[in-house]
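Visitor: Below you'll find the structure I mean.
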Number of protein chains: 2
Amino acid sequence: MTEKPTIAILGGTGKEGRGLALRWASNGYQVIIGSRQEEKALGVADELNQILGKDLILGMENSQAASQADINVLTVMASAHEPAVKSLKDALRGKILVDATARIKFPNPKPPEPPSAARLAQDVLGYEVQVVAAFQNIPASSLQDLKKDLDSDVLVCADQREAADQVSELIRGAGMNAYYVGDLDMAVTLEGITAVLVYLNKYNDIKHASIKIVGS
Amino acid sequence: MTEKPTIAILGGTGKEGRGLALRWASNGYQVIIGSRQEEKALGVADELNQILGKDLILGMENSQAASQADINVLTVMASAHEPAVKSLKDALRGKILVDATARIKFPNPKPPEPPSAARLAQDVLGYEVQVVAAFQNIPASSLQDLKKDLDSDVLVCADQREAADQVSELIRGAGMNAYYVGDLDMAVTLEGITAVLVYLNKYNDIKHASIKIVGS
């Protein structure tokens with residue numbers, strides 16, 4: 001792509017969605033906040049534009065947002081994951097869906113069993129949609145604080161490497177490192193890491209815990 | 001403990017066991033390498049003592065090593081995990097067992113299903129043994145290179161926090177950070193991370209990948 005893709009954040013009115021929207025909009029991407037209720041999407045877009053000091057973000061009903069975007073990111077609550085995926089099947093045809101879902105229950109999460117949420121989404125959507133798992137382990141609070149550089153890394157899973165590479169470019173465009181770690185079956189571990197982060201914050205002298213990849 | 005505990009590394013003749021033995025022995029701990037075959041344990045102890053330039057490490061048959069140690073670390077291959085745990089039940093009574101097992105299959109690992117290997121060990125051993133999961137995500141090659149500081153962090157799971165704290169002290173004694181992340185059910189995610197590390201090395205421009213905890 002020579003031009004930057006348009007990104008829709010579906011179910012994007014929560015903390016994670018807002019944080020990603022701010023990061024991409026402030027890095028020159030066209031961003032659409034999607035919600036089941038158009039009015040709510042418009043309200044959040046307005047709020048975020050005030051933070052940015054410019055009218056950069058649009059608000060739309062989810063399926064309208066999906067059909068206007070090149071790449072879609074799903075940031076709904078875990079309980080809304082299955083109905084959201086089913087209802088957006090037509091609007092997502094031919095596109096990439098980035099699934100940020102981690103199915104963990106507060107306050108005492110356990111690692112979810114396989115298959116991963118992203119694998120379940122891929123099964124529902126079929127291969128006309130390319131599902132990519134990412135962002136499970138990025139604290140929303142860190143995303144929302146635009147003055148702060150992001151030091152956490154994003155692990156990316158997808159059955160099609162090419163879709164993972166496109167999403168990895170977007171991740172770098174939001175100021176983070178992206179690492180491809182295999183197919184959608186691997187994403188259940190990304191969900192488990194979200195539970196690990198809950199306990200890292202609870203039991204250790206650390207806030208907004210996340211992970212960074214090290215090596216040589 | 002005012003005196004440093006004696007550590008036995010059971011099934012400790014492989015890369016991970018050797019690496020841990022070197023780190024602890026070079027930091028002043030009494031270390032025993034255990035193996036099903038006493039001769040093999042003696043041979044590896046001899047090899048490691050030559051690297052250290054001092055006779056610091058002993059070699060013994062596994063159950064003898066376990067009964068002489070304060071804290072035991074199990075570093076067998078995944079396929080040997082269940083028989084090793086069963087055969088060491090008596091020797092481990094009243095002690096802590098650190099289980100480093102990650103049940104992944106090369107070359108294309110998948111995240112293992114719950115329950116974790118450490119949970120299975122705790123079930124076999126009963127609560128007369130305190131099982132702690134740790135070291136799943138520390139590359140053996142990094143441990144073995146004593147000239148290199150370790151920049152990867154150790155995630156620790158246990159049902160009894162006090163056992164986790166004792167093991168965390170040992171981990172710091174080997175030059176690494178330790179973070180408690182909940183009970184033994186959580187350890188299946190540590191096993192999954194081992195699979196993630198395989199793909200990090202395979203698909204990205206990185207060697208000996210591991211994770212570091214970041215936050216504020």
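Identifiers in the structure tokens: chain A, B, ... in order shown; residue index from 1 per chain; ligand index from 1 in order shown.
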Residues at most 10 Å from Gly215 of chain B, counting only C-alpha atoms, excluding those fewer than 3 positions away in the same chain, as a PDB file with N, CA, C and O atoms, in the first residue's frame?
Guide:
ATOM      1  N   PRO A 139      -1.762  -2.852  27.552  1.00  0.00           N
ATOM      2  CA  PRO A 139      -2.668  -2.177  28.485  1.00  0.00           C
ATOM      3  C   PRO A 139      -3.292  -0.927  27.853  1.00  0.00           C
ATOM      4  O   PRO A 139      -2.580  -0.095  27.282  1.00  0.00           O
ATOM      5  N   SER A 142      -1.858   2.474  28.794  1.00  0.00           N
ATOM      6  CA  SER A 142      -0.624   2.896  28.128  1.00  0.00           C
ATOM      7  C   SER A 142      -0.928   3.478  26.751  1.00  0.00           C
ATOM      8  O   SER A 142      -0.310   4.455  26.323  1.00  0.00           O
ATOM      9  N   LEU A 150       5.483   3.710  23.982  1.00  0.00           N
ATOM     10  CA  LEU A 150       5.029   2.362  24.324  1.00  0.00           C
ATOM     11  C   LEU A 150       6.232   1.430  24.360  1.00  0.00           C
ATOM     12  O   LEU A 150       6.963   1.313  23.376  1.00  0.00           O
ATOM     13  N   ASP A 151       6.458   0.758  25.493  1.00  0.00           N
ATOM     14  CA  ASP A 151       7.595  -0.159  25.560  1.00  0.00           C
ATOM     15  C   ASP A 151       7.157  -1.622  25.551  1.00  0.00           C
ATOM     16  O   ASP A 151       7.984  -2.519  25.689  1.00  0.00           O
ATOM     17  N   SER A 152       5.862  -1.864  25.384  1.00  0.00           N
ATOM     18  CA  SER A 152       5.406  -3.257  25.283  1.00  0.00           C
ATOM     19  C   SER A 152       5.341  -3.669  23.816  1.00  0.00           C
ATOM     20  O   SER A 152       5.111  -2.844  22.934  1.00  0.00           O
ATOM     21  N   LEU A 200       0.354 -10.264  37.485  1.00  0.00           N
ATOM     22  CA  LEU A 200       1.575  -9.455  37.600  1.00  0.00           C
ATOM     23  C   LEU A 200       1.261  -8.143  38.306  1.00  0.00           C
ATOM     24  O   LEU A 200       1.990  -7.711  39.208  1.00  0.00           O
ATOM     25  N   ASN A 201       0.151  -7.504  37.917  1.00  0.00           N
ATOM     26  CA  ASN A 201      -0.243  -6.240  38.553  1.00  0.00           C
ATOM     27  C   ASN A 201      -0.695  -6.450  39.991  1.00  0.00           C
ATOM     28  O   ASN A 201      -0.446  -5.617  40.860  1.00  0.00           O
ATOM     29  N   ASP A 205       5.144  -5.500  42.468  1.00  0.00           N
ATOM     30  CA  ASP A 205       5.213  -4.048  42.587  1.00  0.00           C
ATOM     31  C   ASP A 205       5.307  -3.432  41.194  1.00  0.00           C
ATOM     32  O   ASP A 205       6.322  -2.854  40.815  1.00  0.00           O
ATOM     33  N   ILE A 206       4.218  -3.545  40.452  1.00  0.00           N
ATOM     34  CA  ILE A 206       4.234  -3.115  39.057  1.00  0.00           C
ATOM     35  C   ILE A 206       2.811  -2.727  38.654  1.00  0.00           C
ATOM     36  O   ILE A 206       1.844  -3.293  39.148  1.00  0.00           O
ATOM     37  N   LYS A 207       2.701  -1.716  37.798  1.00  0.00           N
ATOM     38  CA  LYS A 207       1.391  -1.272  37.277  1.00  0.00           C
ATOM     39  C   LYS A 207       1.416  -1.359  35.759  1.00  0.00           C
ATOM     40  O   LYS A 207       2.443  -1.158  35.138  1.00  0.00           O
ATOM     41  N   HIS A 208       0.253  -1.588  35.165  1.00  0.00           N
ATOM     42  CA  HIS A 208       0.140  -1.651  33.706  1.00  0.00           C
ATOM     43  C   HIS A 208       1.178  -2.606  33.115  1.00  0.00           C
ATOM     44  O   HIS A 208       1.864  -2.286  32.125  1.00  0.00           O
ATOM     45  N   ALA A 209       1.308  -3.782  33.731  1.00  0.00           N
ATOM     46  CA  ALA A 209       2.312  -4.754  33.288  1.00  0.00           C
ATOM     47  C   ALA A 209       2.052  -5.191  31.849  1.00  0.00           C
ATOM     48  O   ALA A 209       0.913  -5.320  31.415  1.00  0.00           O
ATOM     49  N   SER A 210       3.134  -5.402  31.140  1.00  0.00           N
ATOM     50  CA  SER A 210       3.066  -5.949  29.786  1.00  0.00           C
ATOM     51  C   SER A 210       4.386  -6.668  29.515  1.00  0.00           C
ATOM     52  O   SER A 210       5.225  -6.752  30.404  1.00  0.00           O
ATOM     53  N   ILE A 211       4.529  -7.227  28.310  1.00  0.00           N
ATOM     54  CA  ILE A 211       5.760  -7.961  28.042  1.00  0.00           C
ATOM     55  C   ILE A 211       6.547  -7.346  26.895  1.00  0.00           C
ATOM     56  O   ILE A 211       5.982  -6.744  25.980  1.00  0.00           O
ATOM     57  N   LYS A 212       7.826  -7.523  26.973  1.00  0.00           N
ATOM     58  CA  LYS A 212       8.746  -7.085  25.928  1.00  0.00           C
ATOM     59  C   LYS A 212       9.566  -8.299  25.517  1.00  0.00           C
ATOM     60  O   LYS A 212       9.925  -9.118  26.356  1.00  0.00           O
TER      61      LYS A 212
END
Visitor: Env of Gln30 of chain B: 9 Å cut, atoms = only C-alpha atoms, seq-sep filter 4 positions within chain, self excluded. Answer as JSON, numbers by chain.
Guide: {"B": [4, 5, 6, 7, 8, 24, 25, 56, 57, 58, 69]}
Visitor: Could you give the C-alpha RMSD in Å for chain B superposed on chain A, pairing all atoms in order?
Guide: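 Overlaying the two chains on their C-alpha atoms yields 0.0 Å.
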Visitor: Using only C-alpha atoms, tabulate the residues of chain B lying at most 9 Å from any atom of chain A, each with its closest atom pair and that distance in Å to one decimal, by chain and increasing residue number, as CSV.
Guide:
residue,atom,partner,partner_atom,distance
B:Pro109,CA,A:Met186,CA,8.8
B:Lys110,CA,A:Met186,CA,6.3
B:Pro111,CA,A:Met186,CA,6.2
B:Pro112,CA,A:Pro114,CA,8.4
B:Glu113,CA,A:Glu113,CA,6.2
B:Pro114,CA,A:Glu113,CA,6.6
B:Asp151,CA,A:Val214,CA,7.2
B:Ser152,CA,A:Val214,CA,6.7
B:Leu155,CA,A:Val196,CA,8.8
B:Tyr179,CA,A:Asn204,CA,6.6
B:Tyr180,CA,A:Tyr203,CA,6.4
B:Val181,CA,A:Tyr199,CA,4.8
B:Gly182,CA,A:Tyr199,CA,6.1
B:Asp185,CA,A:Lys110,CA,6.9
B:Met186,CA,A:Pro111,CA,6.2
B:Ala187,CA,A:Pro111,CA,8.7
B:Val188,CA,A:Pro111,CA,7.3
B:Thr189,CA,A:Gly192,CA,5.4
B:Leu190,CA,A:Ile193,CA,8.3
B:Glu191,CA,A:Thr189,CA,8.7
B:Gly192,CA,A:Thr189,CA,5.4
B:Ile193,CA,A:Thr189,CA,6.5
B:Ala195,CA,A:Met186,CA,8.0
B:Val196,CA,A:Val181,CA,5.8
B:Leu197,CA,A:Val181,CA,7.8
B:Val198,CA,A:Val181,CA,8.1
B:Tyr199,CA,A:Val181,CA,4.8
B:Leu200,CA,A:Val181,CA,5.5
B:Asn201,CA,A:Val181,CA,8.8
B:Lys202,CA,A:Val181,CA,8.4
B:Tyr203,CA,A:Tyr180,CA,6.4
B:Asn204,CA,A:Tyr179,CA,6.6
B:Ile206,CA,A:Ser216,CA,6.0
B:Lys207,CA,A:Ser216,CA,5.1
B:His208,CA,A:Gly215,CA,5.2
B:Ala209,CA,A:Gly215,CA,4.3
B:Ser210,CA,A:Val214,CA,5.3
B:Ile211,CA,A:Ile213,CA,4.7
B:Lys212,CA,A:Lys212,CA,5.1
B:Ile213,CA,A:Ile211,CA,4.7
B:Val214,CA,A:Ser210,CA,5.3
B:Gly215,CA,A:Ala209,CA,4.3
B:Ser216,CA,A:Lys207,CA,5.1
Visitor: Considering only C-alpha atoms, give me a table of residues in segment 118-163 of chain B that are at most 9 Å from segment 83-106 of chain B, with the closest atom pair and distance in Å for each, as a tab-separated table.
Guide:
residue	atom	partner	partner_atom	distance
B:Ala118	CA	B:Asp99	CA	5.9
B:Ala121	CA	B:Val85	CA	6.3
B:Val124	CA	B:Lys86	CA	6.8
B:Leu125	CA	B:Lys89	CA	5.8
B:Gly126	CA	B:Lys89	CA	8.9
B:Tyr127	CA	B:Gly94	CA	8.7
B:Glu128	CA	B:Gly94	CA	5.3
B:Val129	CA	B:Lys95	CA	5.4
B:Gln130	CA	B:Ile96	CA	4.7
B:Val131	CA	B:Leu97	CA	4.8
B:Val132	CA	B:Val98	CA	4.7
B:Ala133	CA	B:Asp99	CA	4.8
B:Ala134	CA	B:Ala100	CA	5.3
B:Phe135	CA	B:Ala100	CA	5.2
B:Gln136	CA	B:Ala100	CA	5.2
B:Asn137	CA	B:Ala102	CA	8.7
B:Ala163	CA	B:Ile96	CA	6.9
Visitor: Write out as a PyMOL selection string each polymer residue whose atoms come within 12 Å of Glu3 of chain A, counting only C-alpha atoms; drop sequence neighbours fewer than 4 positions from it.
Guide: chain A and resi 28-30+70
Visitor: Save out the residues we just selected, N, CA, C and O atoms, as a PDB file, in the first residue's frame.
Guide:
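Result saved to result.pdb:
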ATOM      1  N   GLY A  28      -1.320   9.675  11.723  1.00  0.00           N
ATOM      2  CA  GLY A  28      -1.694   9.957  10.344  1.00  0.00           C
ATOM      3  C   GLY A  28      -2.607   8.950   9.657  1.00  0.00           C
ATOM      4  O   GLY A  28      -2.797   9.021   8.448  1.00  0.00           O
ATOM      5  N   TYR A  29      -3.165   8.020  10.395  1.00  0.00           N
ATOM      6  CA  TYR A  29      -4.115   7.078   9.808  1.00  0.00           C
ATOM      7  C   TYR A  29      -5.541   7.626   9.901  1.00  0.00           C
ATOM      8  O   TYR A  29      -5.887   8.310  10.875  1.00  0.00           O
ATOM      9  N   GLN A  30      -6.373   7.309   8.900  1.00  0.00           N
ATOM     10  CA  GLN A  30      -7.800   7.593   8.981  1.00  0.00           C
ATOM     11  C   GLN A  30      -8.431   6.521   9.862  1.00  0.00           C
ATOM     12  O   GLN A  30      -8.289   5.329   9.588  1.00  0.00           O
ATOM     13  N   ASP A  70     -10.289  -0.419   5.358  1.00  0.00           N
ATOM     14  CA  ASP A  70      -9.417  -1.430   4.739  1.00  0.00           C
ATOM     15  C   ASP A  70      -9.112  -2.542   5.731  1.00  0.00           C
ATOM     16  O   ASP A  70      -9.053  -3.712   5.372  1.00  0.00           O
TER      17      ASP A  70
END
